[in-house]
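Q: My structure is in data.pdb, and what it holds is PDB, C-alpha atoms:
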```pdb
MODEL        1
ATOM      1  CA  MET B  27       3.136   6.344  18.904  1.00  0.00           C
ATOM      2  CA  ASN B  28       6.082   4.256  20.120  1.00  0.00           C
ATOM      3  CA  GLU B  29       6.284   2.512  16.740  1.00  0.00           C
ATOM      4  CA  ILE B  30       6.385   5.866  14.900  1.00  0.00           C
ATOM      5  CA  ILE B  31       9.169   7.076  17.185  1.00  0.00           C
ATOM      6  CA  LEU B  32      11.195   3.909  16.586  1.00  0.00           C
ATOM      7  CA  MET B  33      10.645   4.039  12.829  1.00  0.00           C
ATOM      8  CA  ALA B  34      11.721   7.694  12.748  1.00  0.00           C
ATOM      9  CA  HIS B  35      14.864   6.738  14.715  1.00  0.00           C
ATOM     10  CA  VAL B  36      15.760   4.075  12.149  1.00  0.00           C
ATOM     11  CA  LEU B  37      14.818   6.330   9.206  1.00  0.00           C
ATOM     12  CA  PHE B  38      17.154   9.135  10.291  1.00  0.00           C
ATOM     13  CA  GLY B  39      19.930   6.663  11.181  1.00  0.00           C
ATOM     14  CA  VAL B  40      19.756   5.091   7.733  1.00  0.00           C
ATOM     15  CA  ALA B  41      19.593   8.571   6.155  1.00  0.00           C
ATOM     16  CA  CYS B  42      22.866   9.393   7.934  1.00  0.00           C
ATOM     17  CA  LEU B  43      24.422   6.141   6.652  1.00  0.00           C
ATOM     18  CA  VAL B  44      23.312   6.760   3.057  1.00  0.00           C
ATOM     19  CA  THR B  45      24.494  10.385   3.187  1.00  0.00           C
ATOM     20  CA  ALA B  46      27.899   9.263   4.494  1.00  0.00           C
ATOM     21  CA  ALA B  47      28.199   6.729   1.657  1.00  0.00           C
ATOM     22  CA  TRP B  48      27.204   9.464  -0.857  1.00  0.00           C
ATOM     23  CA  LEU B  49      29.788  11.807   0.647  1.00  0.00           C
ATOM     24  CA  PHE B  50      32.542   9.178   0.411  1.00  0.00           C
ATOM     25  CA  VAL B  51      32.039   8.988  -3.356  1.00  0.00           C
ATOM     26  CA  ASP B  52      31.588  12.763  -3.738  1.00  0.00           C
ATOM     27  CA  VAL B  53      34.815  13.441  -1.812  1.00  0.00           C
ATOM     28  CA  LEU B  54      36.713  11.011  -4.070  1.00  0.00           C
ATOM     29  CA  HIS B  55      35.797  13.375  -6.915  1.00  0.00           C
ATOM     30  CA  ALA B  56      36.015  16.638  -4.955  1.00  0.00           C
ATOM     31  CA  ASN B  57      36.528  19.779  -7.031  1.00  0.00           C
ATOM     32  CA  GLU B  58      35.377  23.402  -6.980  1.00  0.00           C
ATOM     33  CA  THR B  59      31.994  22.505  -8.504  1.00  0.00           C
ATOM     34  CA  ASN B  60      30.862  19.957  -5.881  1.00  0.00           C
ATOM     35  CA  LEU B  61      32.477  21.585  -2.826  1.00  0.00           C
ATOM     36  CA  ALA B  62      29.299  23.420  -1.759  1.00  0.00           C
ATOM     37  CA  ARG B  63      27.252  20.240  -2.133  1.00  0.00           C
ATOM     38  CA  ILE B  64      29.755  18.243  -0.045  1.00  0.00           C
ATOM     39  CA  ARG B  65      29.526  20.832   2.739  1.00  0.00           C
ATOM     40  CA  ARG B  66      25.707  20.900   2.627  1.00  0.00           C
ATOM     41  CA  MET B  67      25.539  17.102   2.657  1.00  0.00           C
ATOM     42  CA  SER B  68      27.970  16.992   5.593  1.00  0.00           C
ATOM     43  CA  TRP B  69      25.652  19.235   7.595  1.00  0.00           C
ATOM     44  CA  GLY B  70      22.793  16.993   6.455  1.00  0.00           C
ATOM     45  CA  ALA B  71      24.531  13.821   7.697  1.00  0.00           C
ATOM     46  CA  ALA B  72      25.195  15.469  11.071  1.00  0.00           C
ATOM     47  CA  ALA B  73      21.576  16.678  11.298  1.00  0.00           C
ATOM     48  CA  PHE B  74      20.228  13.204  10.445  1.00  0.00           C
ATOM     49  CA  MET B  75      22.434  11.659  13.133  1.00  0.00           C
ATOM     50  CA  TRP B  76      21.368  14.207  15.761  1.00  0.00           C
ATOM     51  CA  LEU B  77      17.699  13.524  14.939  1.00  0.00           C
ATOM     52  CA  ALA B  78      18.248   9.739  15.126  1.00  0.00           C
ATOM     53  CA  PHE B  79      20.116  10.184  18.423  1.00  0.00           C
ATOM     54  CA  LEU B  80      17.550  12.483  20.060  1.00  0.00           C
ATOM     55  CA  ILE B  81      14.537  10.463  18.930  1.00  0.00           C
ATOM     56  CA  GLY B  82      16.160   7.128  19.862  1.00  0.00           C
ATOM     57  CA  GLY B  83      17.409   8.596  23.145  1.00  0.00           C
ATOM     58  CA  TYR B  84      13.929   9.841  24.037  1.00  0.00           C
ATOM     59  CA  TRP B  85      12.478   6.380  23.363  1.00  0.00           C
ATOM     60  CA  TYR B  86      15.297   4.650  25.260  1.00  0.00           C
ATOM     61  CA  VAL B  87      14.846   6.826  28.353  1.00  0.00           C
ATOM     62  CA  THR B  88      11.030   6.819  28.389  1.00  0.00           C
ATOM     63  CA  SER B  89       9.893   3.485  26.884  1.00  0.00           C
ATOM     64  CA  TYR B  90      12.683   0.915  26.587  1.00  0.00           C
ATOM     65  CA  LYS B  91      12.170  -0.565  30.072  1.00  0.00           C
ATOM     66  CA  VAL B  92       9.083  -2.451  28.804  1.00  0.00           C
ATOM     67  CA  ASP B  93      11.014  -4.038  25.914  1.00  0.00           C
ATOM     68  CA  LYS B  94      13.955  -4.720  28.228  1.00  0.00           C
ATOM     69  CA  ALA B  95      11.771  -6.741  30.610  1.00  0.00           C
ATOM     70  CA  ILE B  96      10.364  -8.740  27.678  1.00  0.00           C
ATOM     71  CA  ILE B  97      13.843  -9.417  26.221  1.00  0.00           C
ATOM     72  CA  LEU B  98      15.265 -10.556  29.575  1.00  0.00           C
ATOM     73  CA  LYS B  99      12.450 -13.089  30.036  1.00  0.00           C
ATOM     74  CA  GLY B 100      12.888 -14.451  26.491  1.00  0.00           C
ATOM     75  CA  PRO B 101      15.420 -16.775  24.857  1.00  0.00           C
ATOM     76  CA  TRP B 102      17.676 -13.905  23.696  1.00  0.00           C
ATOM     77  CA  PRO B 103      18.675 -12.020  26.902  1.00  0.00           C
ATOM     78  CA  PHE B 104      21.951 -11.061  25.205  1.00  0.00           C
ATOM     79  CA  ALA B 105      19.896  -8.726  22.990  1.00  0.00           C
ATOM     80  CA  HIS B 106      19.796  -6.444  26.034  1.00  0.00           C
ATOM     81  CA  ASN B 107      22.785  -7.535  28.168  1.00  0.00           C
ATOM     82  CA  MET B 108      25.267  -7.337  25.357  1.00  0.00           C
ATOM     83  CA  VAL B 109      23.750  -5.695  22.292  1.00  0.00           C
ATOM     84  CA  MET B 110      21.690  -2.827  23.744  1.00  0.00           C
ATOM     85  CA  GLU B 111      24.318  -2.060  26.374  1.00  0.00           C
ATOM     86  CA  THR B 112      27.023  -1.664  23.702  1.00  0.00           C
ATOM     87  CA  LYS B 113      24.712   0.140  21.251  1.00  0.00           C
ATOM     88  CA  GLU B 114      23.688   2.846  23.696  1.00  0.00           C
ATOM     89  CA  HIS B 115      27.348   3.749  24.266  1.00  0.00           C
ATOM     90  CA  LEU B 116      28.827   3.187  20.797  1.00  0.00           C
ATOM     91  CA  VAL B 117      26.143   5.456  19.353  1.00  0.00           C
ATOM     92  CA  ILE B 118      27.561   8.400  21.329  1.00  0.00           C
ATOM     93  CA  MET B 119      30.811   7.974  19.386  1.00  0.00           C
ATOM     94  CA  LEU B 120      28.884   7.836  16.112  1.00  0.00           C
ATOM     95  CA  LEU B 121      27.155  11.090  17.056  1.00  0.00           C
ATOM     96  CA  LEU B 122      30.516  12.772  17.721  1.00  0.00           C
ATOM     97  CA  VAL B 123      32.065  11.527  14.455  1.00  0.00           C
ATOM     98  CA  ALA B 124      28.987  12.755  12.543  1.00  0.00           C
ATOM     99  CA  THR B 125      29.250  16.126  14.332  1.00  0.00           C
ATOM    100  CA  TYR B 126      32.918  16.314  13.307  1.00  0.00           C
ATOM    101  CA  LEU B 127      32.044  15.730   9.630  1.00  0.00           C
ATOM    102  CA  PRO B 128      30.909  19.297   8.751  1.00  0.00           C
ATOM    103  CA  ILE B 129      33.935  20.648  10.638  1.00  0.00           C
ATOM    104  CA  ALA B 130      36.305  18.573   8.483  1.00  0.00           C
ATOM    105  CA  ALA B 131      34.296  19.531   5.380  1.00  0.00           C
ATOM    106  CA  MET B 132      35.051  23.236   5.958  1.00  0.00           C
ATOM    107  CA  ASP B 133      38.618  22.676   4.678  1.00  0.00           C
ATOM    108  CA  ASN B 134      39.235  23.202   0.983  1.00  0.00           C
ATOM    109  CA  LEU B 135      38.761  19.664  -0.279  1.00  0.00           C
ATOM    110  CA  ALA B 136      39.262  20.704  -3.885  1.00  0.00           C
ATOM    111  CA  LYS B 137      42.826  21.875  -3.203  1.00  0.00           C
ATOM    112  CA  SER B 138      44.006  19.769  -0.261  1.00  0.00           C
ATOM    113  CA  LYS B 139      44.727  16.074  -0.731  1.00  0.00           C
ATOM    114  CA  ASP B 140      45.076  15.652   3.043  1.00  0.00           C
ATOM    115  CA  ALA B 141      41.703  17.270   3.711  1.00  0.00           C
ATOM    116  CA  ARG B 142      40.124  14.788   1.289  1.00  0.00           C
ATOM    117  CA  LYS B 143      41.957  11.895   2.976  1.00  0.00           C
ATOM    118  CA  LEU B 144      40.614  12.949   6.393  1.00  0.00           C
ATOM    119  CA  MET B 145      37.065  13.300   5.014  1.00  0.00           C
ATOM    120  CA  LEU B 146      37.250   9.839   3.426  1.00  0.00           C
ATOM    121  CA  TRP B 147      38.234   8.260   6.756  1.00  0.00           C
ATOM    122  CA  VAL B 148      35.546  10.181   8.647  1.00  0.00           C
ATOM    123  CA  THR B 149      32.766   9.261   6.199  1.00  0.00           C
ATOM    124  CA  ALA B 150      33.940   5.619   6.200  1.00  0.00           C
ATOM    125  CA  MET B 151      33.865   5.539  10.018  1.00  0.00           C
ATOM    126  CA  ILE B 152      30.350   6.999  10.036  1.00  0.00           C
ATOM    127  CA  ALA B 153      29.105   4.468   7.475  1.00  0.00           C
ATOM    128  CA  LEU B 154      30.640   1.507   9.348  1.00  0.00           C
ATOM    129  CA  LEU B 155      29.454   2.636  12.787  1.00  0.00           C
ATOM    130  CA  ALA B 156      25.962   3.408  11.443  1.00  0.00           C
ATOM    131  CA  LEU B 157      25.808  -0.020   9.807  1.00  0.00           C
ATOM    132  CA  ALA B 158      26.823  -1.629  13.122  1.00  0.00           C
ATOM    133  CA  MET B 159      24.130   0.374  14.968  1.00  0.00           C
ATOM    134  CA  ASP B 160      21.568  -0.722  12.376  1.00  0.00           C
ATOM    135  CA  GLY B 161      22.524  -4.378  12.881  1.00  0.00           C
ATOM    136  CA  GLU B 162      22.424  -4.046  16.670  1.00  0.00           C
ATOM    137  CA  GLY B 163      18.980  -2.436  16.443  1.00  0.00           C
ATOM    138  CA  ALA B 164      17.765  -5.387  14.380  1.00  0.00           C
ATOM    139  CA  ILE B 165      19.056  -7.861  17.010  1.00  0.00           C
ATOM    140  CA  ILE B 166      17.311  -5.914  19.807  1.00  0.00           C
ATOM    141  CA  SER B 167      14.004  -5.954  17.856  1.00  0.00           C
ATOM    142  CA  MET B 168      14.456  -9.683  17.253  1.00  0.00           C
ATOM    143  CA  GLY B 169      15.120 -10.169  20.971  1.00  0.00           C
ATOM    144  CA  VAL B 170      11.644  -8.750  21.682  1.00  0.00           C
ATOM    145  CA  LYS B 171      10.056 -10.746  18.861  1.00  0.00           C
ATOM    146  CA  VAL B 172      11.436 -14.152  19.891  1.00  0.00           C
ATOM    147  CA  ALA B 173      10.379 -13.475  23.485  1.00  0.00           C
ATOM    148  CA  LEU B 174       6.793 -12.838  22.370  1.00  0.00           C
ATOM    149  CA  LEU B 175       6.508 -15.848  20.043  1.00  0.00           C
ATOM    150  CA  PRO B 176       4.206 -18.612  21.359  1.00  0.00           C
ATOM    151  CA  LYS B 177       6.207 -21.432  22.932  1.00  0.00           C
TER     152      LYS B 177
ATOM    153  CA  MET C  25      48.478  23.244  -7.142  1.00  0.00           C
ATOM    154  CA  GLU C  26      47.516  20.631  -4.510  1.00  0.00           C
ATOM    155  CA  ASN C  27      48.421  21.324  -0.919  1.00  0.00           C
ATOM    156  CA  THR C  28      48.680  18.940   1.997  1.00  0.00           C
ATOM    157  CA  THR C  29      47.324  20.981   4.858  1.00  0.00           C
ATOM    158  CA  ILE C  30      44.261  20.763   7.021  1.00  0.00           C
ATOM    159  CA  SER C  31      42.939  23.573   9.196  1.00  0.00           C
ATOM    160  CA  LYS C  32      43.710  24.043  12.873  1.00  0.00           C
ATOM    161  CA  ARG C  33      39.957  23.560  13.443  1.00  0.00           C
ATOM    162  CA  SER C  34      40.048  20.070  11.899  1.00  0.00           C
ATOM    163  CA  ILE C  35      43.076  19.140  14.023  1.00  0.00           C
ATOM    164  CA  ALA C  36      41.621  20.591  17.243  1.00  0.00           C
ATOM    165  CA  PHE C  37      38.213  18.950  16.932  1.00  0.00           C
ATOM    166  CA  GLY C  38      39.774  15.732  15.581  1.00  0.00           C
ATOM    167  CA  LEU C  39      41.887  15.422  18.732  1.00  0.00           C
ATOM    168  CA  ALA C  40      38.873  16.370  20.864  1.00  0.00           C
ATOM    169  CA  LEU C  41      36.913  13.599  19.155  1.00  0.00           C
ATOM    170  CA  ALA C  42      39.650  11.061  19.970  1.00  0.00           C
ATOM    171  CA  VAL C  43      39.781  12.101  23.648  1.00  0.00           C
ATOM    172  CA  ALA C  44      35.970  12.183  24.005  1.00  0.00           C
ATOM    173  CA  CYS C  45      35.639   8.651  22.569  1.00  0.00           C
ATOM    174  CA  VAL C  46      38.170   7.230  25.043  1.00  0.00           C
ATOM    175  CA  VAL C  47      36.529   9.110  27.948  1.00  0.00           C
ATOM    176  CA  ASN C  48      33.170   7.710  26.771  1.00  0.00           C
ATOM    177  CA  ALA C  49      34.526   4.159  27.177  1.00  0.00           C
ATOM    178  CA  ILE C  50      36.126   4.945  30.559  1.00  0.00           C
ATOM    179  CA  ILE C  51      32.818   6.341  31.888  1.00  0.00           C
ATOM    180  CA  VAL C  52      31.096   3.083  30.824  1.00  0.00           C
ATOM    181  CA  VAL C  53      33.477   0.991  32.928  1.00  0.00           C
ATOM    182  CA  VAL C  54      33.460   3.364  35.914  1.00  0.00           C
ATOM    183  CA  LYS C  55      29.683   3.786  36.134  1.00  0.00           C
ATOM    184  CA  GLU C  56      28.999   0.059  35.689  1.00  0.00           C
ATOM    185  CA  LYS C  57      31.541  -0.815  38.389  1.00  0.00           C
ATOM    186  CA  SER C  58      30.573   1.891  40.890  1.00  0.00           C
ATOM    187  CA  GLU C  59      27.020   2.140  42.189  1.00  0.00           C
ATOM    188  CA  ALA C  60      27.835   5.549  43.659  1.00  0.00           C
ATOM    189  CA  VAL C  61      28.839   6.903  40.244  1.00  0.00           C
ATOM    190  CA  MET C  62      25.828   5.288  38.562  1.00  0.00           C
ATOM    191  CA  GLY C  63      23.510   6.711  41.225  1.00  0.00           C
ATOM    192  CA  GLY C  64      25.067  10.158  40.934  1.00  0.00           C
ATOM    193  CA  MET C  65      24.675  10.139  37.150  1.00  0.00           C
ATOM    194  CA  LYS C  66      21.017   9.138  37.497  1.00  0.00           C
ATOM    195  CA  LYS C  67      20.439  12.001  39.936  1.00  0.00           C
ATOM    196  CA  VAL C  68      21.846  14.690  37.638  1.00  0.00           C
ATOM    197  CA  THR C  69      19.432  14.273  34.689  1.00  0.00           C
ATOM    198  CA  GLY C  70      17.114  11.463  35.793  1.00  0.00           C
ATOM    199  CA  HIS C  71      18.873   8.833  33.641  1.00  0.00           C
ATOM    200  CA  HIS C  72      22.517   7.716  33.644  1.00  0.00           C
ATOM    201  CA  TRP C  73      22.655   7.573  29.835  1.00  0.00           C
ATOM    202  CA  THR C  74      21.467  11.167  29.436  1.00  0.00           C
ATOM    203  CA  THR C  75      24.131  12.384  31.864  1.00  0.00           C
ATOM    204  CA  HIS C  76      26.746  10.189  30.169  1.00  0.00           C
ATOM    205  CA  SER C  77      25.882  11.570  26.721  1.00  0.00           C
ATOM    206  CA  ALA C  78      25.870  15.173  27.959  1.00  0.00           C
ATOM    207  CA  ILE C  79      29.317  14.796  29.583  1.00  0.00           C
ATOM    208  CA  VAL C  80      30.886  13.342  26.424  1.00  0.00           C
ATOM    209  CA  ILE C  81      29.266  15.871  24.037  1.00  0.00           C
ATOM    210  CA  VAL C  82      30.230  18.874  26.191  1.00  0.00           C
ATOM    211  CA  LEU C  83      33.768  17.467  26.571  1.00  0.00           C
ATOM    212  CA  PHE C  84      34.114  17.132  22.772  1.00  0.00           C
ATOM    213  CA  LEU C  85      32.964  20.713  22.135  1.00  0.00           C
ATOM    214  CA  ALA C  86      34.984  22.201  25.005  1.00  0.00           C
ATOM    215  CA  LEU C  87      38.200  20.365  24.125  1.00  0.00           C
ATOM    216  CA  GLY C  88      37.793  21.234  20.437  1.00  0.00           C
ATOM    217  CA  GLY C  89      37.586  24.916  21.314  1.00  0.00           C
ATOM    218  CA  LEU C  90      40.429  24.646  23.807  1.00  0.00           C
ATOM    219  CA  PHE C  91      42.823  22.769  21.494  1.00  0.00           C
ATOM    220  CA  GLY C  92      42.205  25.451  18.861  1.00  0.00           C
ATOM    221  CA  LEU C  93      43.373  28.130  21.289  1.00  0.00           C
ATOM    222  CA  THR C  94      46.719  26.514  22.136  1.00  0.00           C
ATOM    223  CA  ARG C  95      50.029  28.065  21.060  1.00  0.00           C
ATOM    224  CA  GLY C  96      48.645  31.592  21.251  1.00  0.00           C
ATOM    225  CA  GLY C  97      45.628  30.825  19.077  1.00  0.00           C
ATOM    226  CA  ARG C  98      47.586  29.117  16.297  1.00  0.00           C
ATOM    227  CA  GLY C  99      46.287  25.702  17.396  1.00  0.00           C
ATOM    228  CA  MET C 100      48.079  22.386  17.467  1.00  0.00           C
ATOM    229  CA  GLU C 101      50.268  21.225  14.595  1.00  0.00           C
ATOM    230  CA  MET C 102      50.132  17.681  13.315  1.00  0.00           C
ATOM    231  CA  THR C 103      50.333  15.776  10.062  1.00  0.00           C
ATOM    232  CA  THR C 104      47.048  14.463   8.663  1.00  0.00           C
ATOM    233  CA  SER C 105      48.302  10.863   8.775  1.00  0.00           C
ATOM    234  CA  ARG C 106      49.074  11.236  12.466  1.00  0.00           C
ATOM    235  CA  LEU C 107      45.649  12.745  13.184  1.00  0.00           C
ATOM    236  CA  ILE C 108      43.905   9.932  11.298  1.00  0.00           C
ATOM    237  CA  GLY C 109      46.043   7.374  13.160  1.00  0.00           C
ATOM    238  CA  ILE C 110      45.092   8.904  16.523  1.00  0.00           C
ATOM    239  CA  LEU C 111      41.408   9.019  15.546  1.00  0.00           C
ATOM    240  CA  LEU C 112      41.284   5.410  14.369  1.00  0.00           C
ATOM    241  CA  SER C 113      43.238   4.169  17.403  1.00  0.00           C
ATOM    242  CA  ALA C 114      41.010   6.058  19.855  1.00  0.00           C
ATOM    243  CA  ILE C 115      37.729   4.994  18.259  1.00  0.00           C
ATOM    244  CA  GLY C 116      38.971   1.402  17.873  1.00  0.00           C
ATOM    245  CA  ALA C 117      40.223   1.243  21.473  1.00  0.00           C
ATOM    246  CA  ALA C 118      36.992   2.751  22.819  1.00  0.00           C
ATOM    247  CA  ALA C 119      34.884   0.265  20.849  1.00  0.00           C
ATOM    248  CA  VAL C 120      37.014  -2.664  22.075  1.00  0.00           C
ATOM    249  CA  ILE C 121      36.750  -1.468  25.712  1.00  0.00           C
ATOM    250  CA  ILE C 122      32.946  -1.084  25.507  1.00  0.00           C
ATOM    251  CA  ILE C 123      32.283  -4.353  23.661  1.00  0.00           C
ATOM    252  CA  GLY C 124      34.882  -6.258  25.722  1.00  0.00           C
ATOM    253  CA  PHE C 125      33.435  -4.952  28.977  1.00  0.00           C
ATOM    254  CA  TYR C 126      29.882  -6.108  28.251  1.00  0.00           C
ATOM    255  CA  LEU C 127      31.095  -9.323  26.643  1.00  0.00           C
ATOM    256  CA  PHE C 128      33.551 -10.505  29.299  1.00  0.00           C
ATOM    257  CA  VAL C 129      33.322  -8.404  32.481  1.00  0.00           C
ATOM    258  CA  ASP C 130      29.765  -7.244  33.154  1.00  0.00           C
TER     259      ASP C 130
ENDMDL
END
```
Take the structure I supplied and represent it as structure tokens, if you would.

A:
Amino acid sequence: MNEIILMAHVLFGVACLVTAAWLFVDVLHANETNLARIRRMSWGAAAFMWLAFLIGGYWYVTSYKVDKAIILKGPWPFAHNMVMETKEHLVIMLLLVATYLPIAAMDNLAKSKDARKLMLWVTAMIALLALAMDGEGAIISMGVKVALLPK
Amino acid sequence: MENTTISKRSIAFGLALAVACVVNAIIVVVKEKSEAVMGGMKKVTGHHWTTHSAIVIVLFLALGGLFGLTRGGRGMEMTTSRLIGILLSAIGAAAVIIIGFYLFVD
């Protein structure tokens, strides 16, 4: 069950990243015809991030202590001390930026150049932060793996 | 005709986002440095991270609503470039504080 939870966490996180990248391109070409889609996709990106956050948070609070003990005994203790510690707090900012996305998308992007500019920065921040979280997650998984490898 | 305005809602919640990100980083430093704070946060929800997340999320939503009500409900006025500058600075500073803390201090 733990593996399913972790895979769902990654799936929704990547879905948020991909949606943000999609939105960046869609906003570059914002007009009256794609405005409704941009707003729907913005809600989608926020929903994906909330799902990734809640599922990952549940796993972190209930199950991570086992992985943490394994990592700390292995050759990559920094996978917890540095990487997990930063990830668990940077991800809160990613959640807030993703929550802000549908709020910024409510402005008329077809008519306002500034509204488009704000959306482009917000989607770029989401994509970059999500990519960083993805990389940190990979390092944490590797921290467990190298600790379990036969010496 | 193009216009160059964003809504008071985007400004209010954008500023709330900036403040919440900086507060997020400050809570990291305070709770890691103070056992009393860490213990208190664990007591509230059973896990310090859950309490931490709840504080920052509620702060973002509350400040967003509050900033929108300033100036008799007209909200705060600001250029988009300034708002983006504040957002990038706040998120960048918060990330540097969090990463720097775990890299060099903790």

Q: For the ChimeraX specification (/B :<7) & /C, applied here, can you spell out every residue it catches as a PyMOL selection string?

A: chain C and resi 26-31+34+37+41+45+71+77+104+108+119+122-123+126-127

Q: State, in Å with one decimal place, the distance from atom CA of Val46 of chain C to atom CA of Ser89 of chain B.

A: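 If I compute the distance from atom CA of Val46 of chain C to atom CA of Ser89 of chain B, I get 28.6 Å.
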
Q: Could you please determine the separation between atom CA of Leu83 of chain C and atom CA of Trp48 of chain B in Å, to one decimal place?

A: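 Atom CA of Leu83 of chain C sits 29.3 Å away from atom CA of Trp48 of chain B.
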
Q: Selected by the PyMOL selection byres ((chain C and resi 92-99) around 10) in the shown coordinates: which residues, as a PDB file with C-alpha atoms, keeping the file's coordinate frame?

A:
```
ATOM      1  CA  SER C  31      42.939  23.573   9.196  1.00  0.00           C
ATOM      2  CA  LYS C  32      43.710  24.043  12.873  1.00  0.00           C
ATOM      3  CA  ARG C  33      39.957  23.560  13.443  1.00  0.00           C
ATOM      4  CA  SER C  34      40.048  20.070  11.899  1.00  0.00           C
ATOM      5  CA  ILE C  35      43.076  19.140  14.023  1.00  0.00           C
ATOM      6  CA  ALA C  36      41.621  20.591  17.243  1.00  0.00           C
ATOM      7  CA  PHE C  37      38.213  18.950  16.932  1.00  0.00           C
ATOM      8  CA  ALA C  40      38.873  16.370  20.864  1.00  0.00           C
ATOM      9  CA  LEU C  87      38.200  20.365  24.125  1.00  0.00           C
ATOM     10  CA  GLY C  88      37.793  21.234  20.437  1.00  0.00           C
ATOM     11  CA  GLY C  89      37.586  24.916  21.314  1.00  0.00           C
ATOM     12  CA  LEU C  90      40.429  24.646  23.807  1.00  0.00           C
ATOM     13  CA  PHE C  91      42.823  22.769  21.494  1.00  0.00           C
ATOM     14  CA  MET C 100      48.079  22.386  17.467  1.00  0.00           C
ATOM     15  CA  GLU C 101      50.268  21.225  14.595  1.00  0.00           C
ATOM     16  CA  MET C 102      50.132  17.681  13.315  1.00  0.00           C
TER      17      MET C 102
END
```

Q: List every protein, DNA or RNA residue that has at least one atom no more than 12 Å from (11.3, -5.5, 26.2) in the file's coordinates, counting only C-alpha atoms, and write the result as a list in words.

A: Tyr86, Ser89, Tyr90, Lys91, Val92, Asp93, Lys94, Ala95, Ile96, Ile97, Leu98, Lys99, Gly100, Trp102, Pro103, Ala105, His106, Asn107, Met110, Ile166, Ser167, Met168, Gly169, Val170, Lys171, Val172, Ala173 and Leu174 of chain B

Q: Got a sec to resolve the PyMOL selection byres ((chain C and resi 56) around 12) on this structure and send the residues as a PyMOL selection string?

A: (chain B and resi 111) or (chain C and resi 49-55+57-63+65+72-73+76+122+125-126+129-130)

Q: Would you write out those residues with C-alpha atoms, as a CSV table (one decimal), keeping the file's coordinate frame?

A:
```
chain,number,residue,atom,x,y,z
B,111,GLU,CA,24.3,-2.1,26.4
C,49,ALA,CA,34.5,4.2,27.2
C,50,ILE,CA,36.1,4.9,30.6
C,51,ILE,CA,32.8,6.3,31.9
C,52,VAL,CA,31.1,3.1,30.8
C,53,VAL,CA,33.5,1.0,32.9
C,54,VAL,CA,33.5,3.4,35.9
C,55,LYS,CA,29.7,3.8,36.1
C,57,LYS,CA,31.5,-0.8,38.4
C,58,SER,CA,30.6,1.9,40.9
C,59,GLU,CA,27.0,2.1,42.2
C,60,ALA,CA,27.8,5.5,43.7
C,61,VAL,CA,28.8,6.9,40.2
C,62,MET,CA,25.8,5.3,38.6
C,63,GLY,CA,23.5,6.7,41.2
C,65,MET,CA,24.7,10.1,37.2
C,72,HIS,CA,22.5,7.7,33.6
C,73,TRP,CA,22.7,7.6,29.8
C,76,HIS,CA,26.7,10.2,30.2
C,122,ILE,CA,32.9,-1.1,25.5
C,125,PHE,CA,33.4,-5.0,29.0
C,126,TYR,CA,29.9,-6.1,28.3
C,129,VAL,CA,33.3,-8.4,32.5
C,130,ASP,CA,29.8,-7.2,33.2
```
